[in-house]
Amino acid sequence: MQPIDAHTTVRELLIAFPLAFEVLAAHGMCADCRNDPPPVPLLHFAQKHCDGNLTGLLAEIDSVIQQQATRLPVDTGRPLRGT
């Protein structure tokens with residue numbers, strides 16, 4: 001995925017990083033949009049839900065993405081136990 005910026009759509013973001021929904025929901029995105037994310041750019045979302053603070057929204061999203069990345073299991077190349 002390209003770097004996340006003003007032109008990244010909500011749909012692209014949530015497909016690539018589902019945990020980012022936490023951030024969008026905190027700013028007023030409804031639960032229905034989680035299942036069918038709108039194809040609108042994050043700039044539009046920030047204007048409608050974050051008083052135009054795109055920089056702050058992107059920082060919050062980046063923080064969640066970094067947390068998600070640190071939770072991913074490390075591939076050791078060894079088979080899982082019991083397989």
# chains A, B, ... in the order shown; residues from 1 in each chain; ligands from 1
call {"tool": "select_by_dssp", "arguments": {"residues": "chain A", "states": "alpha helix (DSSP H)", "output": "PyMOL selection string"}}
result
chain A and resi 10-16+21-26+32-35+42-49+54-71
call {"tool": "closest_atom_pairs", "arguments": {"of": "stretch 7-32 of chain A", "to": "stretch 48-70 of chain A", "cutoff": "9 Å", "atoms": "only C-alpha atoms", "output": "JSON lines"}}
result
{"residue": "A:Phe17", "atom": "CA", "partner": "A:Ile65", "partner_atom": "CA", "distance": 6.8}
{"residue": "A:Leu19", "atom": "CA", "partner": "A:Val64", "partner_atom": "CA", "distance": 6.9}
{"residue": "A:Ala20", "atom": "CA", "partner": "A:Ile61", "partner_atom": "CA", "distance": 5.9}
{"residue": "A:Phe21", "atom": "CA", "partner": "A:Ile61", "partner_atom": "CA", "distance": 8.9}
{"residue": "A:Glu22", "atom": "CA", "partner": "A:Val64", "partner_atom": "CA", "distance": 8.3}
{"residue": "A:Val23", "atom": "CA", "partner": "A:Ile61", "partner_atom": "CA", "distance": 6.3}
{"residue": "A:Leu24", "atom": "CA", "partner": "A:Ile61", "partner_atom": "CA", "distance": 8.4}
{"residue": "A:His27", "atom": "CA", "partner": "A:His49", "partner_atom": "CA", "distance": 5.7}
{"residue": "A:Gly28", "atom": "CA", "partner": "A:His49", "partner_atom": "CA", "distance": 6.4}
{"residue": "A:Met29", "atom": "CA", "partner": "A:His49", "partner_atom": "CA", "distance": 8.0}
call {"tool": "write_last_selection", "arguments": {"atoms": "N, CA and C atoms", "output": "PDB file, in the first residue's frame"}}
result
ATOM      1  N   PHE A  17      -5.655  -1.805   7.023  1.00  0.00           N
ATOM      2  CA  PHE A  17      -5.419  -1.691   8.472  1.00  0.00           C
ATOM      3  C   PHE A  17      -6.758  -1.646   9.212  1.00  0.00           C
ATOM      4  N   LEU A  19      -7.666  -2.176  12.184  1.00  0.00           N
ATOM      5  CA  LEU A  19      -7.678  -1.549  13.516  1.00  0.00           C
ATOM      6  C   LEU A  19      -7.781  -0.028  13.446  1.00  0.00           C
ATOM      7  N   ALA A  20      -7.541   0.547  12.284  1.00  0.00           N
ATOM      8  CA  ALA A  20      -7.683   1.999  12.137  1.00  0.00           C
ATOM      9  C   ALA A  20      -9.125   2.434  12.323  1.00  0.00           C
ATOM     10  N   PHE A  21     -10.064   1.483  12.269  1.00  0.00           N
ATOM     11  CA  PHE A  21     -11.464   1.826  12.510  1.00  0.00           C
ATOM     12  C   PHE A  21     -11.638   2.451  13.887  1.00  0.00           C
ATOM     13  N   GLU A  22     -10.840   2.025  14.856  1.00  0.00           N
ATOM     14  CA  GLU A  22     -10.919   2.590  16.208  1.00  0.00           C
ATOM     15  C   GLU A  22     -10.774   4.112  16.167  1.00  0.00           C
ATOM     16  N   VAL A  23      -9.831   4.583  15.370  1.00  0.00           N
ATOM     17  CA  VAL A  23      -9.587   6.027  15.251  1.00  0.00           C
ATOM     18  C   VAL A  23     -10.777   6.704  14.583  1.00  0.00           C
ATOM     19  N   LEU A  24     -11.215   6.139  13.460  1.00  0.00           N
ATOM     20  CA  LEU A  24     -12.323   6.757  12.721  1.00  0.00           C
ATOM     21  C   LEU A  24     -13.607   6.739  13.539  1.00  0.00           C
ATOM     22  N   HIS A  27     -13.946   9.454  15.969  1.00  0.00           N
ATOM     23  CA  HIS A  27     -14.269  10.741  15.357  1.00  0.00           C
ATOM     24  C   HIS A  27     -15.660  10.756  14.717  1.00  0.00           C
ATOM     25  N   GLY A  28     -16.448   9.719  14.984  1.00  0.00           N
ATOM     26  CA  GLY A  28     -17.833   9.745  14.542  1.00  0.00           C
ATOM     27  C   GLY A  28     -18.217   8.844  13.392  1.00  0.00           C
ATOM     28  N   MET A  29     -17.314   8.004  12.938  1.00  0.00           N
ATOM     29  CA  MET A  29     -17.680   7.082  11.861  1.00  0.00           C
ATOM     30  C   MET A  29     -18.603   6.016  12.437  1.00  0.00           C
TER      31      MET A  29
END
call {"tool": "residues_around", "arguments": {"residues": "A:Pro39", "least_positions_apart": "4", "cutoff": "12 Å", "atoms": "only C-alpha atoms", "output": "list in words"}}
result
His7, Thr8, Thr9, Val10, Arg11, Glu12, Leu13, Leu14, Ile15, Cys33, Arg34, Leu43, His44 and Phe45 of chain A
call {"tool": "atom_distance", "arguments": {"atom1": "atom CA of A:Asn35", "atom2": "atom CA of A:Ile4"}}
result
20.3 Å
call {"tool": "decode", "arguments": {"residues": "stretch 23-71 of chain A", "atoms": "N, CA and C atoms", "output": "compact mmCIF listing (two decimals), in the first residue's frame"}}
result
# COMPACT_ATOMS: atom_id res chain seq x y z
N VAL A 23 -9.83 4.58 15.37
CA VAL A 23 -9.59 6.03 15.25
C VAL A 23 -10.78 6.70 14.58
N LEU A 24 -11.21 6.14 13.46
CA LEU A 24 -12.32 6.76 12.72
C LEU A 24 -13.61 6.74 13.54
N ALA A 25 -13.85 5.66 14.27
CA ALA A 25 -15.05 5.58 15.11
C ALA A 25 -15.00 6.63 16.22
N ALA A 26 -13.81 6.88 16.76
CA ALA A 26 -13.68 7.89 17.81
C ALA A 26 -14.02 9.29 17.30
N HIS A 27 -13.95 9.45 15.97
CA HIS A 27 -14.27 10.74 15.36
C HIS A 27 -15.66 10.76 14.72
N GLY A 28 -16.45 9.72 14.98
CA GLY A 28 -17.83 9.75 14.54
C GLY A 28 -18.22 8.84 13.39
N MET A 29 -17.31 8.00 12.94
CA MET A 29 -17.68 7.08 11.86
C MET A 29 -18.60 6.02 12.44
N CYS A 30 -19.68 5.73 11.73
CA CYS A 30 -20.66 4.76 12.23
C CYS A 30 -20.19 3.32 12.01
N ALA A 31 -20.74 2.42 12.78
CA ALA A 31 -20.37 1.02 12.70
C ALA A 31 -20.70 0.41 11.34
N ASP A 32 -21.76 0.87 10.69
CA ASP A 32 -22.11 0.35 9.37
C ASP A 32 -20.99 0.57 8.37
N CYS A 33 -20.26 1.66 8.52
CA CYS A 33 -19.17 1.98 7.59
C CYS A 33 -17.99 1.03 7.76
N ARG A 34 -17.95 0.33 8.88
CA ARG A 34 -16.87 -0.64 9.08
C ARG A 34 -17.01 -1.78 8.08
N ASN A 35 -18.25 -2.21 7.83
CA ASN A 35 -18.51 -3.31 6.91
C ASN A 35 -18.49 -2.87 5.45
N ASP A 36 -18.81 -1.63 5.20
CA ASP A 36 -18.82 -1.10 3.83
C ASP A 36 -18.20 0.30 3.84
N PRO A 37 -16.86 0.37 4.00
CA PRO A 37 -16.20 1.67 4.12
C PRO A 37 -16.41 2.54 2.88
N PRO A 38 -16.66 3.82 3.10
CA PRO A 38 -16.88 4.71 1.98
C PRO A 38 -15.58 4.99 1.21
N PRO A 39 -15.69 5.18 -0.09
CA PRO A 39 -14.49 5.46 -0.90
C PRO A 39 -14.16 6.95 -0.93
N VAL A 40 -14.18 7.58 0.23
CA VAL A 40 -13.87 9.01 0.30
C VAL A 40 -12.47 9.19 0.86
N PRO A 41 -11.75 10.22 0.41
CA PRO A 41 -10.40 10.46 0.92
C PRO A 41 -10.40 10.86 2.40
N LEU A 42 -9.28 10.58 3.05
CA LEU A 42 -9.15 10.97 4.46
C LEU A 42 -9.26 12.48 4.64
N LEU A 43 -8.89 13.25 3.64
CA LEU A 43 -9.05 14.70 3.72
C LEU A 43 -10.52 15.05 3.92
N HIS A 44 -11.40 14.42 3.17
CA HIS A 44 -12.84 14.65 3.31
C HIS A 44 -13.31 14.24 4.71
N PHE A 45 -12.86 13.07 5.16
CA PHE A 45 -13.23 12.60 6.49
C PHE A 45 -12.79 13.61 7.55
N ALA A 46 -11.56 14.09 7.45
CA ALA A 46 -11.04 15.05 8.43
C ALA A 46 -11.84 16.35 8.41
N GLN A 47 -12.24 16.80 7.24
CA GLN A 47 -13.03 18.03 7.14
C GLN A 47 -14.40 17.86 7.79
N LYS A 48 -14.98 16.69 7.64
CA LYS A 48 -16.32 16.44 8.17
C LYS A 48 -16.34 16.05 9.64
N HIS A 49 -15.30 15.35 10.09
CA HIS A 49 -15.34 14.75 11.43
C HIS A 49 -14.27 15.25 12.40
N CYS A 50 -13.25 15.95 11.90
CA CYS A 50 -12.11 16.32 12.74
C CYS A 50 -11.81 17.81 12.69
N ASP A 51 -12.80 18.61 12.41
CA ASP A 51 -12.61 20.06 12.30
C ASP A 51 -11.48 20.41 11.33
N GLY A 52 -11.31 19.58 10.31
CA GLY A 52 -10.29 19.85 9.30
C GLY A 52 -8.88 19.50 9.71
N ASN A 53 -8.71 18.88 10.88
CA ASN A 53 -7.37 18.57 11.38
C ASN A 53 -6.85 17.27 10.77
N LEU A 54 -6.45 17.34 9.52
CA LEU A 54 -5.91 16.16 8.82
C LEU A 54 -4.62 15.68 9.46
N THR A 55 -3.75 16.60 9.85
CA THR A 55 -2.48 16.22 10.45
C THR A 55 -2.69 15.39 11.72
N GLY A 56 -3.61 15.83 12.56
CA GLY A 56 -3.90 15.09 13.78
C GLY A 56 -4.50 13.72 13.49
N LEU A 57 -5.42 13.66 12.52
CA LEU A 57 -6.04 12.39 12.15
C LEU A 57 -4.98 11.41 11.65
N LEU A 58 -4.10 11.87 10.77
CA LEU A 58 -3.06 11.00 10.23
C LEU A 58 -2.11 10.53 11.33
N ALA A 59 -1.82 11.38 12.30
CA ALA A 59 -0.95 10.98 13.42
C ALA A 59 -1.63 9.89 14.26
N GLU A 60 -2.92 10.03 14.50
CA GLU A 60 -3.65 9.01 15.27
C GLU A 60 -3.67 7.68 14.51
N ILE A 61 -3.92 7.76 13.22
CA ILE A 61 -3.95 6.55 12.39
C ILE A 61 -2.58 5.89 12.39
N ASP A 62 -1.53 6.68 12.23
CA ASP A 62 -0.17 6.15 12.22
C ASP A 62 0.15 5.44 13.53
N SER A 63 -0.30 6.01 14.63
CA SER A 63 -0.05 5.41 15.94
C SER A 63 -0.70 4.03 16.04
N VAL A 64 -1.94 3.91 15.58
CA VAL A 64 -2.65 2.63 15.62
C VAL A 64 -1.98 1.62 14.69
N ILE A 65 -1.55 2.08 13.53
CA ILE A 65 -0.88 1.18 12.58
C ILE A 65 0.43 0.67 13.16
N GLN A 66 1.17 1.52 13.84
CA GLN A 66 2.42 1.09 14.46
C GLN A 66 2.15 0.06 15.55
N GLN A 67 1.08 0.27 16.32
CA GLN A 67 0.71 -0.70 17.36
C GLN A 67 0.33 -2.03 16.72
N GLN A 68 -0.42 -1.97 15.62
CA GLN A 68 -0.83 -3.18 14.92
C GLN A 68 0.41 -3.93 14.41
N ALA A 69 1.37 -3.21 13.90
CA ALA A 69 2.58 -3.83 13.35
C ALA A 69 3.37 -4.55 14.44
N THR A 70 3.38 -4.00 15.64
CA THR A 70 4.14 -4.63 16.72
C THR A 70 3.42 -5.85 17.28
N ARG A 71 2.13 -5.99 17.00
CA ARG A 71 1.38 -7.16 17.47
C ARG A 71 1.47 -8.34 16.53
